[in-house]
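K.L.:
The structure follows.
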Amino acid sequence: MQRGLAHPSLSHAVLEFVRRRHGFLIGGKWSDAESGSTLDVEDPGTGELLTRVAAGDAFDVDRAVRAARAAFDTGPWRRITPAERGKLLWKLADLVNDHADELAQLESLDNGKPVVFARAVDVLSSVEMLRYYAGWPTKLTGETIDVSVPGEWHAYSTREPIGVVGQIVPWNYPLGMAIWKIAPALAAGCTIVLKPAEQTPLTALRLGELILEAGFPPGVVNIVTGEGETAGAALAAHPHVDKVAFTGSTEVGKLVVKAALGNMKRVSLELGGKSPVIVFPDADIQKVAPALARAAFFNTGQVCSAGTRFYVHEHIYDELVDHVYAEVRGWKIGYGLDADTKMGPLISAAQRARVTSYVEAARDDGATVLGGAPSEAKQGYFVTPAILKNTRPTMSVVREEIFGPVLCAMSFRDNEIDRLAAVANDTSYGLAASIWTRDLSVAHKLARRIRAGSVGVNVHSVPDPALPFGGFRQSGWGRERGREALELYTEVKSVAVNLD
Ligand code: NAD
């Protein structure tokens with residue numbers, strides 16, 4: 001079967017887009033990097049060059065920030081009504097929906113993920129996210145406040161857009177993560193400079209075309225592709241950016257915080273995780289095994305909220321692990337554009353080296369490894385999923401985020417809630433967790449004690465736009481999705497009028 005741009009399923013629209021010249025979207029127009037530099041974009045399923053995009057530096061970021069600044073300070077955007085902002089978001093949702101097949105193919109080509117999931121998950125959840133936030137501009141209100149100082153007063157608060165926002169996103173859900181950021185920022189009335197991940201810029205660039213087609217005024221959304229250390233760092237440090245929203249590793253998140261200090265811009269962070277999955281002995285093994293396999297291995301384990309630390313009651317431990325392993329072994333590992341592929345490659349050679357080195361270190365340290373064999377594929381960055389038994393809490397494979405299909409399966413003996421919570425919380429992260437039991441009292445008690453931004457009961461994660469998502473501790477600052485995301489993109493002002 002042919003791969004890459006020769007794959008028989010690829011539509012004319014996708015081929016034509018990939019072969020196009022890829023510049024930045026700045027002030028409503030497409031332009032090249034001032035330096036003329038480009039970045040190679042690779043197909044992770046073959047390791048071959050797909051295309052090139054412009055590589056931005058501080059100069060290009062400055063141009064984009066100026067365009068966003070002008071659009072915010074003096075453009076028509078600030079004068080259009082909330083209802084009009086909502087209609088533009090809805091129009092963009094329709095356009096993304098109309099181009100769902102094309103965007104899914106492009107995402108699969110660029111990121112390696114199975115095209116069926118790119119369409120059903122990445123693209124369709126992006127449409128839902130845009131539609132959810134399309135309803136919000138007309139509902140952003142302040143309040144009137146009774147003050148107690150002497151005299152007669154009319155006092156009220158307003159919620160205003162924060163201004164120009166820099167948004168930096170990762171490669172694991174390139175379109176989805178861009179939409180999670182763009183939709184609430186536009187609903188709030190901000191203007192944007194988006195920097196996609198250097199590995200996966202293509203769907204963001206296609207989205208830029210759809211944003212223009214939807215009719216957003218020039219400069220409202222600007223897109224600069226480029227490396228993190230150049231374009232990303234310049235955006236985080238830029239003195240005319242009012243807020244930076246970052247999704248990526250905890251390590252880079254800390255750099256973003258430092259860079260933002262210069263003008264004390266607002267910062268929100270969606271970072272890494274090492275999420276626990278706690279399975280009680282009353283769980284229905286046959287029923288939960290497929291969901292547990294997805295919790296750990298979906299998207300080749302490249303999911304920030306992936307459930308990668310399993311704690312399973314000893315009475316069902318062996319049977320459950322066998323079922324999860326059997327489930328994931330049934331997934332076809334293959335090229336993302338093949339319709340029957342259930343697991344694609346990792347994003348890059350570096351990521352594959354990282355994943356395999358964690359598995360080897362654990363093996364050397366005494367872990368028993370199910371799976372994890374080198375992939376037989378001659379091309380691309382494929383690995384096979386690994387389940388690690390006999391790990392210890394101090395091992396790096398248990399403590400650190402790997403961002404690949406590696407699951408540590410551990411057992412517990414008694415159901416003592418506080419002890420289980422302590423084990424689940426024994427991490428520097430706090431993004432997600434799940435609890436699998438039919439006993440609602442146990443589930444609620446444990447959910448209260450777990451220090452994580454999302455807790456699922458008999459589900460690992462629920463991708464609903466209305467549910468806030470984000471991390472405790474080193475998993476981040478702030479919450480995306482839901483009403484909470486609007487707070488990330490607004491400032492509250494209080495106005496007090498002396499009526500005397
Ligand atoms: P990364 O931190 O290396 O890169 C993320 C983005 O930051 C990219 O666009 C990159 O170009 C940019 N960047 C890199 N260095 C920068 C710098 N010095 N200044 C500014 N920007 C810079 O992360 P990654 O490897 O692309 O993604 C994987 C990580 O993202 C994982 O740790 C994962 O948990 C996390 N993630 C978190 C969430 C969440 O919602 N919590 C979602 C997806 C991914």
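Labels for the structure tokens follow display order: chains A, B, ..., residues from 1 in each chain, ligands from 1.
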Any idea what's packed within 9 Å of Thr368 of chain A, counting only C-alpha atoms, ignoring anything in its chain fewer than 2 positions away? Could you give it as an mmCIF file with N, CA, C and O atoms, in the first residue's frame?
P.N.:
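Okay, this is what ended up in out10.cif:
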data_model
loop_
_atom_site.group_PDB
_atom_site.id
_atom_site.type_symbol
_atom_site.label_atom_id
_atom_site.label_comp_id
_atom_site.auth_asym_id
_atom_site.auth_seq_id
_atom_site.Cartn_x
_atom_site.Cartn_y
_atom_site.Cartn_z
ATOM 1 N N ALA A 362 13.095 0.465 32.608
ATOM 2 C CA ALA A 362 12.238 -0.254 33.556
ATOM 3 C C ALA A 362 12.561 -1.751 33.524
ATOM 4 O O ALA A 362 12.630 -2.413 34.566
ATOM 5 N N ARG A 363 12.793 -2.278 32.330
ATOM 6 C CA ARG A 363 13.130 -3.705 32.205
ATOM 7 C C ARG A 363 14.433 -3.994 32.964
ATOM 8 O O ARG A 363 14.530 -4.939 33.735
ATOM 9 N N GLY A 366 14.063 -4.360 36.604
ATOM 10 C CA GLY A 366 13.324 -5.488 37.149
ATOM 11 C C GLY A 366 11.853 -5.556 36.784
ATOM 12 O O GLY A 366 11.153 -6.468 37.233
ATOM 13 N N LEU A 370 5.067 -6.559 29.179
ATOM 14 C CA LEU A 370 4.211 -7.213 28.182
ATOM 15 C C LEU A 370 4.214 -6.316 26.952
ATOM 16 O O LEU A 370 3.959 -5.112 27.064
ATOM 17 N N ILE A 387 2.784 -2.893 28.536
ATOM 18 C CA ILE A 387 2.233 -2.881 29.900
ATOM 19 C C ILE A 387 3.341 -3.385 30.824
ATOM 20 O O ILE A 387 3.903 -4.464 30.603
ATOM 21 N N LEU A 388 3.664 -2.601 31.826
ATOM 22 C CA LEU A 388 4.752 -2.928 32.732
ATOM 23 C C LEU A 388 4.186 -3.410 34.065
ATOM 24 O O LEU A 388 3.392 -2.698 34.698
ATOM 25 N N LYS A 389 4.612 -4.627 34.454
ATOM 26 C CA LYS A 389 4.239 -5.153 35.776
ATOM 27 C C LYS A 389 5.487 -5.150 36.658
ATOM 28 O O LYS A 389 6.600 -4.990 36.151
ATOM 29 N N ASN A 390 5.284 -5.360 37.936
ATOM 30 C CA ASN A 390 6.418 -5.383 38.896
ATOM 31 C C ASN A 390 7.229 -4.097 38.873
ATOM 32 O O ASN A 390 8.464 -4.138 38.898
ATOM 33 N N THR A 391 6.553 -2.991 38.779
ATOM 34 C CA THR A 391 7.272 -1.704 38.895
ATOM 35 C C THR A 391 7.224 -1.271 40.360
ATOM 36 O O THR A 391 6.410 -1.762 41.133
#
K.L.:
Where in segment 29-120 of chain A does DSSP assign strand (DSSP E or B), given as a ChimeraX atom specification?
P.N.:
/A:29-31,38-43,48-54
K.L.:
Quick one: which chain A residues come within 7 Å of ligand 1, and what is the nearest atom pair for each with the distance in Å to one decimal, counting only C-alpha atoms and all ligand atoms, rows ordered by chain and ascending number, as CSV?
P.N.:
residue,atom,partner,partner_atom_place_in_ligand_line,distance
A:Ile168,CA,ligand 1,9 (O),5.1
A:Val169,CA,ligand 1,9 (O),4.6
A:Pro170,CA,ligand 1,26 (O),3.8
A:Trp171,CA,ligand 1,26 (O),5.1
A:Asn172,CA,ligand 1,43 (C),6.0
A:Tyr173,CA,ligand 1,43 (C),6.8
A:Lys195,CA,ligand 1,9 (O),6.0
A:Pro196,CA,ligand 1,9 (O),5.1
A:Ala197,CA,ligand 1,9 (O),3.4
A:Glu198,CA,ligand 1,11 (O),5.5
A:Gly226,CA,ligand 1,11 (O),6.9
A:Glu227,CA,ligand 1,11 (O),5.0
A:Gly228,CA,ligand 1,11 (O),3.1
A:Glu229,CA,ligand 1,18 (N),4.2
A:Gly232,CA,ligand 1,21 (N),3.6
A:Ala233,CA,ligand 1,19 (N),3.5
A:Ala236,CA,ligand 1,20 (C),5.9
A:Phe246,CA,ligand 1,7 (O),7.0
A:Thr247,CA,ligand 1,37 (C),5.2
A:Gly248,CA,ligand 1,30 (O),3.0
A:Ser249,CA,ligand 1,32 (O),3.4
A:Thr250,CA,ligand 1,32 (O),6.0
A:Glu251,CA,ligand 1,2 (O),6.6
A:Val252,CA,ligand 1,2 (O),4.6
A:Gly253,CA,ligand 1,2 (O),6.6
A:Leu255,CA,ligand 1,18 (N),5.8
A:Val256,CA,ligand 1,19 (N),5.5
A:Glu270,CA,ligand 1,41 (N),3.6
A:Leu271,CA,ligand 1,41 (N),4.0
A:Gly272,CA,ligand 1,34 (O),3.1
A:Gly273,CA,ligand 1,34 (O),5.5
A:Val303,CA,ligand 1,43 (C),6.1
A:Cys304,CA,ligand 1,34 (O),3.6
A:Ser305,CA,ligand 1,41 (N),6.8
A:Glu401,CA,ligand 1,32 (O),6.8
A:Phe403,CA,ligand 1,31 (C),6.3
A:Leu431,CA,ligand 1,41 (N),6.8
A:Gly470,CA,ligand 1,41 (N),6.0
A:Gly471,CA,ligand 1,41 (N),6.8
A:Ser475,CA,ligand 1,41 (N),6.3
A:Gly476,CA,ligand 1,41 (N),6.9
K.L.:
Take the residues from that selection and write them out as a short mmCIF file (atom, residue, chain, number, x, y, z; two decimals), in the first residue's frame, keeping N, CA and C atoms.
P.N.:
data_model
loop_
_atom_site.label_atom_id
_atom_site.label_comp_id
_atom_site.auth_asym_id
_atom_site.auth_seq_id
_atom_site.Cartn_x
_atom_site.Cartn_y
_atom_site.Cartn_z
N ILE A 168 0.06 29.09 22.35
CA ILE A 168 1.11 28.16 21.92
C ILE A 168 0.59 26.74 22.16
N VAL A 169 0.56 25.94 21.11
CA VAL A 169 -0.09 24.61 21.22
C VAL A 169 0.85 23.48 20.83
N PRO A 170 0.56 22.25 21.32
CA PRO A 170 1.42 21.09 21.05
C PRO A 170 0.96 20.30 19.82
N TRP A 171 1.64 19.17 19.60
CA TRP A 171 1.44 18.39 18.37
C TRP A 171 0.49 17.22 18.52
N ASN A 172 0.01 16.92 19.74
CA ASN A 172 -0.74 15.67 19.89
C ASN A 172 -2.17 15.76 19.37
N TYR A 173 -2.80 16.95 19.55
CA TYR A 173 -4.11 17.23 18.94
C TYR A 173 -3.98 18.59 18.29
N LYS A 195 0.65 30.11 17.75
CA LYS A 195 1.84 29.40 17.26
C LYS A 195 1.62 27.89 17.38
N PRO A 196 1.42 27.24 16.23
CA PRO A 196 1.25 25.78 16.26
C PRO A 196 2.59 25.09 16.58
N ALA A 197 2.53 23.82 16.93
CA ALA A 197 3.77 23.05 17.17
C ALA A 197 4.52 22.90 15.85
N GLU A 198 5.84 22.93 15.91
CA GLU A 198 6.64 22.87 14.69
C GLU A 198 6.45 21.55 13.94
N GLY A 226 6.65 28.11 13.50
CA GLY A 226 8.08 28.23 13.82
C GLY A 226 8.45 27.38 15.01
N GLU A 227 9.74 27.39 15.32
CA GLU A 227 10.27 26.60 16.43
C GLU A 227 9.85 27.21 17.77
N GLY A 228 9.81 26.37 18.79
CA GLY A 228 9.45 26.86 20.12
C GLY A 228 10.45 27.85 20.68
N GLU A 229 11.72 27.53 20.54
CA GLU A 229 12.75 28.38 21.18
C GLU A 229 12.87 29.74 20.50
N GLY A 232 8.07 30.67 19.58
CA GLY A 232 7.31 30.50 20.82
C GLY A 232 7.84 31.40 21.92
N ALA A 233 9.16 31.41 22.08
CA ALA A 233 9.76 32.21 23.15
C ALA A 233 9.51 33.70 22.91
N ALA A 236 5.93 34.49 23.93
CA ALA A 236 5.74 34.48 25.39
C ALA A 236 6.34 35.74 26.03
N PHE A 246 -0.70 28.56 27.10
CA PHE A 246 0.27 27.57 26.63
C PHE A 246 -0.24 26.16 26.93
N THR A 247 -0.11 25.27 25.97
CA THR A 247 -0.29 23.84 26.23
C THR A 247 0.96 23.13 25.77
N GLY A 248 1.53 22.35 26.66
CA GLY A 248 2.75 21.62 26.32
C GLY A 248 3.34 21.02 27.57
N SER A 249 4.64 20.83 27.55
CA SER A 249 5.30 20.15 28.67
C SER A 249 5.45 21.08 29.87
N THR A 250 5.53 20.49 31.04
CA THR A 250 5.72 21.27 32.27
C THR A 250 7.03 22.04 32.20
N GLU A 251 8.05 21.39 31.64
CA GLU A 251 9.37 22.02 31.52
C GLU A 251 9.28 23.34 30.72
N VAL A 252 8.64 23.30 29.56
CA VAL A 252 8.52 24.52 28.75
C VAL A 252 7.54 25.50 29.39
N GLY A 253 6.52 24.97 30.07
CA GLY A 253 5.57 25.84 30.77
C GLY A 253 6.29 26.76 31.76
N LEU A 255 9.33 27.83 31.45
CA LEU A 255 10.04 28.86 30.66
C LEU A 255 9.07 29.96 30.24
N VAL A 256 7.86 29.56 29.89
CA VAL A 256 6.84 30.53 29.47
C VAL A 256 6.52 31.48 30.63
N GLU A 270 -1.65 24.53 30.33
CA GLU A 270 -2.15 23.14 30.34
C GLU A 270 -0.95 22.26 30.12
N LEU A 271 -0.52 21.55 31.15
CA LEU A 271 0.78 20.87 31.08
C LEU A 271 0.63 19.35 31.14
N GLY A 272 1.65 18.71 31.61
CA GLY A 272 1.68 17.25 31.55
C GLY A 272 0.88 16.58 32.65
N GLY A 273 0.94 15.25 32.64
CA GLY A 273 0.22 14.47 33.65
C GLY A 273 0.79 13.07 33.79
N VAL A 303 -1.33 11.56 25.00
CA VAL A 303 -2.48 12.30 25.54
C VAL A 303 -2.07 12.77 26.93
N CYS A 304 -2.25 14.08 27.19
CA CYS A 304 -1.79 14.61 28.48
C CYS A 304 -2.51 13.97 29.65
N SER A 305 -3.79 13.62 29.44
CA SER A 305 -4.56 13.06 30.55
C SER A 305 -4.56 11.53 30.54
N GLU A 401 6.19 11.61 33.14
CA GLU A 401 5.31 11.52 31.97
C GLU A 401 6.14 11.02 30.79
N PHE A 403 4.52 10.05 27.61
CA PHE A 403 3.82 10.52 26.40
C PHE A 403 3.97 9.52 25.26
N LEU A 431 -3.52 16.15 36.73
CA LEU A 431 -4.39 16.52 35.60
C LEU A 431 -5.71 15.76 35.61
N GLY A 470 -8.20 20.97 33.23
CA GLY A 470 -6.90 21.59 33.55
C GLY A 470 -6.32 20.91 34.76
N GLY A 471 -5.22 21.45 35.23
CA GLY A 471 -4.48 20.69 36.22
C GLY A 471 -4.29 21.33 37.57
N SER A 475 0.52 20.30 36.79
CA SER A 475 -0.21 20.08 35.53
C SER A 475 -0.79 21.37 34.97
N GLY A 476 -0.61 22.48 35.66
CA GLY A 476 -1.00 23.73 35.00
C GLY A 476 -1.64 24.78 35.88
#
K.L.:
For segment 259-263 of chain A, find every residue with an atom within 10 Å (counting only C-alpha atoms), except residues of its own chain fewer than 4 positions away, and show them as an MDAnalysis selection string.
P.N.:
chainID A and resid 233:244 253:255 267
K.L.:
Could the residues in this selection be saved with all heavy atoms as a JSON list (two decimals), in the first residue's frame?
P.N.:
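Printed below is selection_23.json as written:
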[["chain", "number", "residue", "atom", "x", "y", "z"],
["A", 233, "ALA", "N", 9.16, 31.41, 22.08],
["A", 233, "ALA", "CA", 9.76, 32.21, 23.15],
["A", 233, "ALA", "C", 9.51, 33.70, 22.91],
["A", 233, "ALA", "O", 9.24, 34.46, 23.85],
["A", 233, "ALA", "CB", 11.26, 31.91, 23.22],
["A", 234, "ALA", "N", 9.58, 34.13, 21.63],
["A", 234, "ALA", "CA", 9.35, 35.55, 21.32],
["A", 234, "ALA", "C", 7.92, 35.95, 21.66],
["A", 234, "ALA", "O", 7.66, 37.05, 22.15],
["A", 234, "ALA", "CB", 9.66, 35.81, 19.85],
["A", 235, "LEU", "N", 6.99, 35.05, 21.39],
["A", 235, "LEU", "CA", 5.58, 35.35, 21.68],
["A", 235, "LEU", "C", 5.35, 35.44, 23.19],
["A", 235, "LEU", "O", 4.67, 36.36, 23.68],
["A", 235, "LEU", "CB", 4.71, 34.25, 21.05],
["A", 235, "LEU", "CG", 3.21, 34.44, 21.05],
["A", 235, "LEU", "CD1", 2.80, 35.75, 20.40],
["A", 235, "LEU", "CD2", 2.52, 33.27, 20.35],
["A", 236, "ALA", "N", 5.93, 34.49, 23.93],
["A", 236, "ALA", "CA", 5.74, 34.48, 25.39],
["A", 236, "ALA", "C", 6.34, 35.74, 26.03],
["A", 236, "ALA", "O", 5.85, 36.21, 27.05],
["A", 236, "ALA", "CB", 6.36, 33.23, 25.99],
["A", 237, "ALA", "N", 7.40, 36.26, 25.43],
["A", 237, "ALA", "CA", 8.10, 37.41, 26.03],
["A", 237, "ALA", "C", 7.61, 38.75, 25.50],
["A", 237, "ALA", "O", 7.98, 39.79, 26.03],
["A", 237, "ALA", "CB", 9.60, 37.27, 25.75],
["A", 238, "HIS", "N", 6.80, 38.76, 24.44],
["A", 238, "HIS", "CA", 6.51, 40.02, 23.75],
["A", 238, "HIS", "C", 5.81, 41.04, 24.68],
["A", 238, "HIS", "O", 4.80, 40.72, 25.30],
["A", 238, "HIS", "CB", 5.63, 39.76, 22.52],
["A", 238, "HIS", "CG", 5.70, 40.88, 21.54],
["A", 238, "HIS", "ND1", 5.13, 42.11, 21.79],
["A", 238, "HIS", "CD2", 6.29, 40.99, 20.34],
["A", 238, "HIS", "CE1", 5.36, 42.92, 20.77],
["A", 238, "HIS", "NE2", 6.07, 42.25, 19.87],
["A", 239, "PRO", "N", 6.31, 42.26, 24.74],
["A", 239, "PRO", "CA", 5.75, 43.23, 25.69],
["A", 239, "PRO", "C", 4.34, 43.71, 25.34],
["A", 239, "PRO", "O", 3.65, 44.25, 26.20],
["A", 239, "PRO", "CB", 6.74, 44.41, 25.64],
["A", 239, "PRO", "CG", 7.48, 44.25, 24.36],
["A", 239, "PRO", "CD", 7.51, 42.78, 24.06],
["A", 240, "HIS", "N", 3.88, 43.51, 24.09],
["A", 240, "HIS", "CA", 2.53, 43.97, 23.74],
["A", 240, "HIS", "C", 1.50, 42.85, 23.69],
["A", 240, "HIS", "O", 0.39, 43.04, 23.20],
["A", 240, "HIS", "CB", 2.57, 44.75, 22.42],
["A", 240, "HIS", "CG", 3.40, 46.00, 22.54],
["A", 240, "HIS", "ND1", 4.32, 46.37, 21.59],
["A", 240, "HIS", "CD2", 3.48, 46.91, 23.53],
["A", 240, "HIS", "CE1", 4.92, 47.48, 22.00],
["A", 240, "HIS", "NE2", 4.44, 47.82, 23.16],
["A", 241, "VAL", "N", 1.91, 41.69, 24.19],
["A", 241, "VAL", "CA", 0.94, 40.59, 24.35],
["A", 241, "VAL", "C", 0.42, 40.67, 25.78],
["A", 241, "VAL", "O", 1.19, 40.77, 26.73],
["A", 241, "VAL", "CB", 1.63, 39.23, 24.08],
["A", 241, "VAL", "CG1", 0.73, 38.08, 24.46],
["A", 241, "VAL", "CG2", 2.03, 39.13, 22.61],
["A", 242, "ASP", "N", -0.91, 40.66, 25.94],
["A", 242, "ASP", "CA", -1.50, 40.82, 27.27],
["A", 242, "ASP", "C", -1.63, 39.52, 28.03],
["A", 242, "ASP", "O", -1.77, 39.51, 29.25],
["A", 242, "ASP", "CB", -2.90, 41.45, 27.13],
["A", 242, "ASP", "CG", -2.82, 42.81, 26.47],
["A", 242, "ASP", "OD1", -2.12, 43.69, 27.00],
["A", 242, "ASP", "OD2", -3.44, 43.00, 25.39],
["A", 243, "LYS", "N", -1.66, 38.43, 27.26],
["A", 243, "LYS", "CA", -1.83, 37.14, 27.94],
["A", 243, "LYS", "C", -1.24, 36.04, 27.07],
["A", 243, "LYS", "O", -1.33, 36.11, 25.84],
["A", 243, "LYS", "CB", -3.34, 36.87, 28.13],
["A", 243, "LYS", "CG", -3.62, 35.61, 28.90],
["A", 243, "LYS", "CD", -4.62, 34.76, 28.21],
["A", 243, "LYS", "CE", -4.44, 33.31, 28.66],
["A", 243, "LYS", "NZ", -4.88, 33.06, 30.02],
["A", 244, "VAL", "N", -0.63, 35.03, 27.69],
["A", 244, "VAL", "CA", -0.17, 33.89, 26.92],
["A", 244, "VAL", "C", -0.85, 32.64, 27.47],
["A", 244, "VAL", "O", -0.94, 32.44, 28.68],
["A", 244, "VAL", "CB", 1.39, 33.78, 26.92],
["A", 244, "VAL", "CG1", 1.96, 33.60, 28.31],
["A", 244, "VAL", "CG2", 1.86, 32.64, 26.03],
["A", 253, "GLY", "N", 6.52, 24.97, 30.07],
["A", 253, "GLY", "CA", 5.57, 25.84, 30.77],
["A", 253, "GLY", "C", 6.29, 26.76, 31.76],
["A", 253, "GLY", "O", 5.96, 27.94, 31.88],
["A", 254, "LYS", "N", 7.29, 26.22, 32.42],
["A", 254, "LYS", "CA", 8.05, 27.05, 33.39],
["A", 254, "LYS", "C", 8.83, 28.15, 32.66],
["A", 254, "LYS", "O", 8.96, 29.26, 33.16],
["A", 254, "LYS", "CB", 8.98, 26.16, 34.21],
["A", 254, "LYS", "CG", 8.21, 25.26, 35.17],
["A", 254, "LYS", "CD", 9.12, 24.34, 35.96],
["A", 254, "LYS", "CE", 8.28, 23.40, 36.82],
["A", 254, "LYS", "NZ", 9.06, 22.42, 37.56],
["A", 255, "LEU", "N", 9.33, 27.83, 31.45],
["A", 255, "LEU", "CA", 10.04, 28.86, 30.66],
["A", 255, "LEU", "C", 9.07, 29.96, 30.24],
["A", 255, "LEU", "O", 9.41, 31.15, 30.22],
["A", 255, "LEU", "CB", 10.67, 28.24, 29.41],
["A", 255, "LEU", "CG", 11.78, 27.20, 29.64],
["A", 255, "LEU", "CD1", 12.25, 26.63, 28.30],
["A", 255, "LEU", "CD2", 12.95, 27.83, 30.39],
["A", 267, "VAL", "N", -1.01, 34.47, 32.42],
["A", 267, "VAL", "CA", -0.52, 33.18, 31.91],
["A", 267, "VAL", "C", -1.53, 32.08, 32.28],
["A", 267, "VAL", "O", -1.98, 32.02, 33.42],
["A", 267, "VAL", "CB", 0.84, 32.82, 32.56],
["A", 267, "VAL", "CG1", 1.35, 31.47, 32.04],
["A", 267, "VAL", "CG2", 1.88, 33.90, 32.29]]
K.L.:
Counting only C-alpha atoms, which residues in segment 144-258 of chain A sit no more than 12 Å from segment 6-15 of chain A? For each one, give the nearest pair of atoms and the distance in Å, sorted by chain then residue number, as a Markdown table.
P.N.:
| residue | atom | partner | partner_atom | distance |
| --- | --- | --- | --- | --- |
| A:Leu202 | CA | A:Val14 | CA | 10.3 |
| A:Thr203 | CA | A:Val14 | CA | 10.4 |
| A:Arg206 | CA | A:Val14 | CA | 9.8 |
K.L.:
Export, as a tab-separated table (two decimals), in the first residue's frame, the selected residues with all heavy atoms.
P.N.:
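Printed below is part.tsv as written:
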chain	number	residue	atom	x	y	z
A	202	LEU	N	0.06	21.97	9.92
A	202	LEU	CA	-0.77	22.06	8.71
A	202	LEU	C	-2.25	22.35	8.96
A	202	LEU	O	-2.84	23.18	8.26
A	202	LEU	CB	-0.61	20.79	7.87
A	202	LEU	CG	0.82	20.56	7.34
A	202	LEU	CD1	0.89	19.32	6.48
A	202	LEU	CD2	1.33	21.78	6.58
A	203	THR	N	-2.87	21.68	9.93
A	203	THR	CA	-4.31	21.95	10.11
A	203	THR	C	-4.54	23.36	10.65
A	203	THR	O	-5.56	23.97	10.34
A	203	THR	CB	-4.99	20.92	11.04
A	203	THR	OG1	-4.17	20.70	12.19
A	203	THR	CG2	-5.25	19.61	10.32
A	206	ARG	N	-4.59	25.54	7.60
A	206	ARG	CA	-5.86	25.38	6.86
A	206	ARG	C	-6.99	26.07	7.64
A	206	ARG	O	-7.86	26.71	7.05
A	206	ARG	CB	-6.15	23.89	6.67
A	206	ARG	CG	-7.40	23.62	5.86
A	206	ARG	CD	-7.24	23.99	4.39
A	206	ARG	NE	-8.48	23.81	3.66
A	206	ARG	CZ	-9.28	24.81	3.27
A	206	ARG	NH1	-8.96	26.08	3.49
A	206	ARG	NH2	-10.39	24.55	2.60
